[in-house]
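Structure first, commentary second.
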Amino acid sequence: MSLSTQPYKGTRDFYPEDKRIQKYMFNKWRDVFELFGYEEYDAPVLEPTELYLAKGNEEIIQEQTYTFLDRGERSVTLRTEMTPSVSRLVAAKRQELAYPLRWYSIPNLWRYERPQKGRLREFWQLNVDIFGVAGIEADQEIIQVADATVLSFGAKRTMYSIKLNNRALMNYISNDFLGLDSVQSTTLIRLIDRMNKMKAPEFWGLVEAIFSPSQRDAKLTDKLKKILNAKTMKALPKEVAASEPAQKLGKLIELLHLQGISNAVYDPTLMRGFDYYTDIVFEVFDTDPENNRSMFGGGRYDGLIGQFGVEPVPSVGFAAGDVTFQNFLESHELLPVLASETDVYVILIGDVYERAIKPIQELREMGVKVAVDLTGRKMDKQIKTALKKNIPYALFIGEEELKKGQFKLKELAKNSEESLALARIVTVVKDYRRK
RNA sequence: GUGCCUGUAGCUUAGCGGUUUAAAGCGUCGGUUUGUGGUACCGAAGAUCGAGGGUUCAAAUCCCUUUAGGCACCCCA
């Protein structure tokens with residue numbers, strides 16, 4: 001029996017060409033966040049299990065996490081999301097931080113699940129949060145950052161839509177407008193969350209089943225239909241539209257439209273789980289009918305930091321998984337062909353290695369990234385290797401070149417070459433990089 | 001956890017109403033007389049057909065088990 005070369009179930013190996021794509025995405029993300037003044041933080045991959053239990057979901061911990069005892073019999077869990085950790089960080093320095101905080105992180109997360117499309121056991125997730133702002137300006141900024149993130153890859157606003165809802169509005173609708181009790185309310189919200197996965201008659205049948213006979217007599221289903229079918233907030237019943245959470249959501253969408261985020265729309269069926277979100281929630285959807293799924297989302301979670309026994313801190317944020325994000329970029333052909341990080345591949349002609357060391361070192365000292373073939377194979381083989389590695393330039397070093405101090409630099413994609421002095425090579429290569 | 005589908009050279013697959021040396025394309029390596037390419041031509045290496053068991057004179061091909069992967073459900077914190 002030989003060892004398996006397969007990566008562990010649900011994880012990926014990142015060969016250089018894969019890592020290149022990951023770096024491309026992460027670097028672009030970082031550029032956007034930093035443009036908005038967000039600062040990067042990180043936390044351990046391993047957290048005490050209580051951190052996740054605090055949210056009160058035993059079942060998830062037991063079945064969908066990597067949880068085990070360390071050598072000191074402490075129960076630890078591989079982080080499954082960043083929000084509890086970042087809340088812990090903020091709570092720990094609650095008094096001394098300079099609010100508002102604008103923080104981001106790109107952690108790898110672990111979930112014990114059966115892998116499927118867009119969903120693995122280890123994945124990376126970009127997290128962006130703003131702490132310490134209670135007003136909708138923060139919600140607005142977070143959505144603006146989310147929008148800018150997608151745009152920065154060259155996406156058009158027709159390629160995605162930003163759906164918004166308000167958890168407080170849903171609570172108002174279910175508790176006050178429909179008059180449901182808390183059990184009915186939870187069941188209904190959960191059901192609406194799955195609405196798009198089933199056919200309309202099936203969905204409405206299940207809705208009817210939630211209501212009591214008297215509620216059915218009061219035509220609650222019809223009332224709910226009017227809400228869930230609303231394409232805009234104007235289509236809502238007057239009483240609902242006039243409620244405080246609806247007003248707030250309306251104001252936010254208006255703000256977003258004002259700044260050109262025209263693809264922000266109200267979606268009464270958007271639920272986004274039902275755990276720690278307290279107010280505005282949003283999700284970014286791919287509009288491609290082939291891949292009409294949620295790419296990422298976020299919202300306001302004002303209650304979480306208070307769980308650490310400190311005064312609560314208002315918080316808004318979003319998170320995007322690397323797998324779904326990359327799927328989006330690929331399906332819209334937004335991933336460029338990425339060249340190697342190496343600038344120049346040196347091809348040695350004949351037995352010249354010892355004399356080639358010096359000029360090669362000079363190039364590196366001037367900031368050119370140089371790899372040398374070292375195999376002593378025939379030139380055509382060496383050139384093929386450079387091509388395969390996607391290195392933009394080949395540099396030939398042989399007797400002639402060493403004698404003249406002029407080296408043949410070949411731009412492989414163009415099949416053009418010229419003899420240049422080292423200093424000139426540096427400028428040519430750096431110029432290419434800037435393109 | 002439940003259901004459906006799949007597993008043949010490094011990759012993509014053919015062969016799957018059983019029978020002798022398992023086929024092709026791509027890739028890899030080498031060559032086409034030695035200072036220049038992805039094309040062309042020639043050649044080579046490379047598979048106990050995921051694993052285990054069974055039926056049979058005979059199995060990649062049929063049956064069972066197992067394992068790995070994919071997709072959907074569940075869930076999605």
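Labels used: A, B, ... for chains in the order of the structure tokens, numbers from 1 for residues in each chain, and numbers from 1 for ligands as shown.
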Quiz prompt | Residues flagged strand (DSSP E or B) by DSSP in segment 53-286 of chain A, as a ChimeraX atom specification | solution = /A:67-69,75-78,101-105,108-110,116,119,122-131,160-166,264-266,280-286
Practice problem: Please provide the set of residues having any atom within 6 Å of segment 100-117 of chain A, restricted to only C-alpha atoms (C1' of nucleotides), with same-chain residues fewer than 2 positions apart removed, written as a list in words. | Solution: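 Selected residues are Gly10, Tyr38, Glu39, Glu40, Tyr41, Gln64, Thr65, Arg79, Thr80, Arg119, Leu120, Arg121, Glu122, Phe123, Trp124, Gln125, Leu126, Asn127, Val128, Asp129, Ile130, Phe131 and Gly132 of chain A.
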With only C-alpha atoms (C1' of nucleotides) considered, list every residue of chain B at most 10 Å from chain A, as a short mmCIF file (atom, residue, chain, number, x, y, z; two decimals) with C-alpha atoms (C1' of nucleotides), in the first residue's frame.
```cif
data_model
loop_
_atom_site.label_atom_id
_atom_site.label_comp_id
_atom_site.auth_asym_id
_atom_site.auth_seq_id
_atom_site.Cartn_x
_atom_site.Cartn_y
_atom_site.Cartn_z
"C1'" G B 1 -27.00 11.93 8.23
"C1'" U B 34 24.22 19.60 -31.59
"C1'" G B 35 22.97 28.81 -30.29
"C1'" U B 36 16.40 29.36 -30.05
"C1'" G B 37 9.60 27.71 -29.16
"C1'" G B 38 4.00 26.22 -28.56
"C1'" A B 68 -12.79 7.70 -2.91
"C1'" G B 69 -15.01 11.58 -5.70
"C1'" G B 70 -19.24 14.45 -7.84
"C1'" C B 71 -24.30 16.33 -7.43
"C1'" A B 72 -28.78 17.22 -4.66
"C1'" C B 75 -27.68 22.48 7.10
"C1'" C B 76 -25.32 26.86 5.83
"C1'" A B 77 -23.21 29.62 12.03
#
```
Self-check item: Straight-line distance linking atom CA of Arg300 of chain A with atom CA of Thr269 of chain A, stated in Å to one decimal
Solution: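 Value for the atom CA of Arg300 of chain A-atom CA of Thr269 of chain A distance: 17.3 Å.
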Exercise. Could you pull out the residues in segment 63-212 of chain A that DSSP calls helix (DSSP H, G or I) from the backbone, as a ChimeraX atom specification?
Key: /A:63-64,83-92,136-151,157-159,167-177,182-193,195-197,200-210
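For Val32 of chain A, the non-local neighbours within 9 Å, defined as residues at least 6 positions apart in the same chain or in other chains and counting only C-alpha atoms (C1' of nucleotides), are Tyr38, Val145, Ala148, Thr149 and Ser152 of chain A.
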Practice problem: Name all residues at most 12 Å from segment 47-55 of chain B (count only C-alpha atoms (C1' of nucleotides); drop same-chain ones fewer than 2 positions away) and give them as a PyMOL selection string. | Solution: (chain A and resi 1+4) or (chain B and resi 6-10+15-16+18+22-23+58-69)
For the selection you just gave me, I'd like the residues written to a file as a short mmCIF file (atom, residue, chain, number, x, y, z; two decimals), in the first residue's frame, keeping N, CA and C atoms (P, O5', C5', C4', C3', O3' and C1' of nucleotides).
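And here's part11.cif as it stands now:
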```cif
data_model
loop_
_atom_site.label_atom_id
_atom_site.label_comp_id
_atom_site.auth_asym_id
_atom_site.auth_seq_id
_atom_site.Cartn_x
_atom_site.Cartn_y
_atom_site.Cartn_z
N MET A 1 0.85 -1.21 0.00
CA MET A 1 0.00 0.00 0.00
C MET A 1 0.87 1.25 0.00
N SER A 4 -1.59 7.81 -0.21
CA SER A 4 -2.45 8.51 -1.16
C SER A 4 -1.91 9.91 -1.41
P U B 6 -23.46 5.50 -13.13
"O5'" U B 6 -22.03 6.12 -12.82
"C5'" U B 6 -21.38 6.94 -13.79
"C4'" U B 6 -20.10 7.51 -13.23
"C3'" U B 6 -18.99 6.49 -12.94
"O3'" U B 6 -18.26 6.17 -14.12
"C1'" U B 6 -19.18 7.99 -11.12
P G B 7 -17.43 4.80 -14.15
"O5'" G B 7 -16.16 5.13 -13.24
"C5'" G B 7 -15.20 6.15 -13.63
"C4'" G B 7 -14.08 6.15 -12.62
"C3'" G B 7 -13.34 4.81 -12.59
"O3'" G B 7 -12.07 4.82 -13.26
"C1'" G B 7 -14.05 5.49 -10.38
P U B 8 -11.17 5.96 -13.75
"O5'" U B 8 -10.13 5.00 -14.47
"C5'" U B 8 -9.75 3.79 -13.79
"C4'" U B 8 -9.23 2.83 -14.83
"C3'" U B 8 -8.28 3.43 -15.84
"O3'" U B 8 -6.97 3.51 -15.30
"C1'" U B 8 -9.89 2.16 -16.96
P A B 9 -6.40 4.95 -15.01
"O5'" A B 9 -4.87 4.77 -15.39
"C5'" A B 9 -3.99 5.88 -15.29
"C4'" A B 9 -2.74 5.51 -16.06
"C3'" A B 9 -1.89 6.72 -16.43
"O3'" A B 9 -0.66 6.69 -15.69
"C1'" A B 9 -2.10 5.17 -18.22
P G B 10 -0.68 6.99 -14.13
"O5'" G B 10 -0.90 8.57 -14.15
"C5'" G B 10 -0.71 9.32 -12.96
"C4'" G B 10 -0.82 10.78 -13.31
"C3'" G B 10 -2.12 11.14 -14.02
"O3'" G B 10 -3.12 11.50 -13.07
"C1'" G B 10 -0.29 11.94 -15.28
P G B 15 -17.60 2.67 -25.24
"O5'" G B 15 -16.71 1.37 -25.19
"C5'" G B 15 -16.52 0.58 -26.36
"C4'" G B 15 -15.52 -0.51 -26.06
"C3'" G B 15 -16.00 -1.60 -25.09
"O3'" G B 15 -16.67 -2.63 -25.80
"C1'" G B 15 -13.81 -0.87 -24.49
P C B 16 -18.20 -2.95 -25.51
"O5'" C B 16 -18.16 -3.21 -23.97
"C5'" C B 16 -18.17 -4.55 -23.45
"C4'" C B 16 -18.67 -4.52 -22.04
"C3'" C B 16 -20.13 -4.11 -21.89
"O3'" C B 16 -20.95 -5.27 -21.99
"C1'" C B 16 -18.77 -2.89 -20.36
P G B 18 -21.53 -11.36 -22.27
"O5'" G B 18 -20.48 -10.24 -22.71
"C5'" G B 18 -19.36 -10.52 -23.47
"C4'" G B 18 -18.14 -10.73 -22.57
"C3'" G B 18 -17.33 -11.94 -23.01
"O3'" G B 18 -16.41 -11.61 -24.07
"C1'" G B 18 -17.65 -11.93 -20.63
P A B 22 -3.21 -6.76 -22.41
"O5'" A B 22 -3.81 -5.61 -23.34
"C5'" A B 22 -4.92 -5.86 -24.19
"C4'" A B 22 -5.87 -4.69 -24.13
"C3'" A B 22 -5.18 -3.33 -24.20
"O3'" A B 22 -4.96 -2.98 -25.55
"C1'" A B 22 -6.78 -3.34 -22.46
P A B 23 -3.60 -2.34 -26.00
"O5'" A B 23 -4.04 -1.12 -26.91
"C5'" A B 23 -4.81 -1.35 -28.09
"C4'" A B 23 -5.72 -0.19 -28.35
"C3'" A B 23 -5.06 1.19 -28.27
"O3'" A B 23 -4.31 1.49 -29.43
"C1'" A B 23 -7.14 1.23 -27.16
P A B 58 -12.94 -20.24 -14.14
"O5'" A B 58 -12.69 -19.18 -15.30
"C5'" A B 58 -11.35 -18.95 -15.77
"C4'" A B 58 -11.37 -18.01 -16.94
"C3'" A B 58 -12.04 -16.67 -16.69
"O3'" A B 58 -11.11 -15.78 -16.09
"C1'" A B 58 -12.82 -17.56 -18.73
P A B 59 -11.62 -14.70 -15.02
"O5'" A B 59 -12.38 -13.64 -15.94
"C5'" A B 59 -11.68 -12.77 -16.85
"C4'" A B 59 -12.21 -11.36 -16.69
"C3'" A B 59 -11.96 -10.85 -15.28
"O3'" A B 59 -10.79 -10.06 -15.15
"C1'" A B 59 -14.31 -10.67 -15.90
P A B 60 -10.35 -8.85 -16.11
"O5'" A B 60 -11.23 -7.54 -15.81
"C5'" A B 60 -10.80 -6.56 -14.90
"C4'" A B 60 -11.64 -5.31 -15.02
"C3'" A B 60 -13.12 -5.58 -15.29
"O3'" A B 60 -13.83 -5.65 -14.07
"C1'" A B 60 -12.28 -4.04 -16.89
P U B 61 -15.14 -6.50 -13.93
"O5'" U B 61 -16.03 -6.14 -15.20
"C5'" U B 61 -16.98 -5.06 -15.20
"C4'" U B 61 -17.57 -5.02 -16.58
"C3'" U B 61 -18.68 -6.04 -16.82
"O3'" U B 61 -19.87 -5.36 -17.23
"C1'" U B 61 -17.01 -6.16 -18.52
P C B 62 -20.87 -4.88 -16.07
"O5'" C B 62 -21.48 -6.24 -15.54
"C5'" C B 62 -22.59 -6.85 -16.20
"C4'" C B 62 -23.09 -8.01 -15.36
"C3'" C B 62 -23.10 -7.74 -13.86
"O3'" C B 62 -24.29 -7.07 -13.47
"C1'" C B 62 -22.07 -9.82 -14.27
P C B 63 -24.26 -6.14 -12.18
"O5'" C B 63 -24.24 -7.22 -11.01
"C5'" C B 63 -25.37 -8.04 -10.73
"C4'" C B 63 -25.11 -8.83 -9.47
"C3'" C B 63 -24.65 -8.02 -8.28
"O3'" C B 63 -25.74 -7.45 -7.58
"C1'" C B 63 -23.24 -9.89 -8.54
P C B 64 -25.47 -6.09 -6.75
"O5'" C B 64 -24.66 -6.63 -5.48
"C5'" C B 64 -25.29 -7.47 -4.52
"C4'" C B 64 -24.31 -7.87 -3.46
"C3'" C B 64 -23.62 -6.71 -2.75
"O3'" C B 64 -24.41 -6.17 -1.71
"C1'" C B 64 -22.00 -8.33 -3.36
P U B 65 -24.18 -4.62 -1.30
"O5'" U B 65 -22.77 -4.67 -0.54
"C5'" U B 65 -22.63 -5.38 0.69
"C4'" U B 65 -21.18 -5.39 1.11
"C3'" U B 65 -20.55 -4.02 1.28
"O3'" U B 65 -20.84 -3.45 2.55
"C1'" U B 65 -19.08 -5.43 0.05
P U B 66 -20.81 -1.87 2.69
"O5'" U B 66 -19.27 -1.51 2.48
"C5'" U B 66 -18.29 -1.92 3.43
"C4'" U B 66 -16.91 -1.60 2.91
"C3'" U B 66 -16.67 -0.13 2.61
"O3'" U B 66 -16.27 0.58 3.77
"C1'" U B 66 -15.92 -1.43 0.79
P U B 67 -16.53 2.15 3.83
"O5'" U B 67 -15.43 2.76 2.85
"C5'" U B 67 -14.04 2.68 3.18
"C4'" U B 67 -13.22 3.15 2.00
"C3'" U B 67 -13.56 4.54 1.48
"O3'" U B 67 -12.92 5.55 2.24
"C1'" U B 67 -13.44 3.05 -0.32
P A B 68 -13.57 6.99 2.28
"O5'" A B 68 -13.19 7.60 0.85
"C5'" A B 68 -11.83 7.88 0.54
"C4'" A B 68 -11.72 8.30 -0.91
"C3'" A B 68 -12.64 9.43 -1.33
"O3'" A B 68 -12.12 10.70 -0.98
"C1'" A B 68 -12.79 7.70 -2.91
P G B 69 -13.14 11.88 -0.73
"O5'" G B 69 -13.68 12.24 -2.18
"C5'" G B 69 -12.80 12.82 -3.14
"C4'" G B 69 -13.45 12.84 -4.49
"C3'" G B 69 -14.74 13.65 -4.61
"O3'" G B 69 -14.49 15.04 -4.73
"C1'" G B 69 -15.01 11.58 -5.70
#
```
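One finds atom CA of Lys23 of chain A at 29.2 Å from atom CA of Gly260 of chain A.
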Quiz item: Which value, in Å to one decimal, gives the distance between atom CA of Glu34 of chain A and atom CA of Val281 of chain A?
Solution: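 According to the coordinates, atom CA of Glu34 of chain A and atom CA of Val281 of chain A are separated by 23.4 Å.
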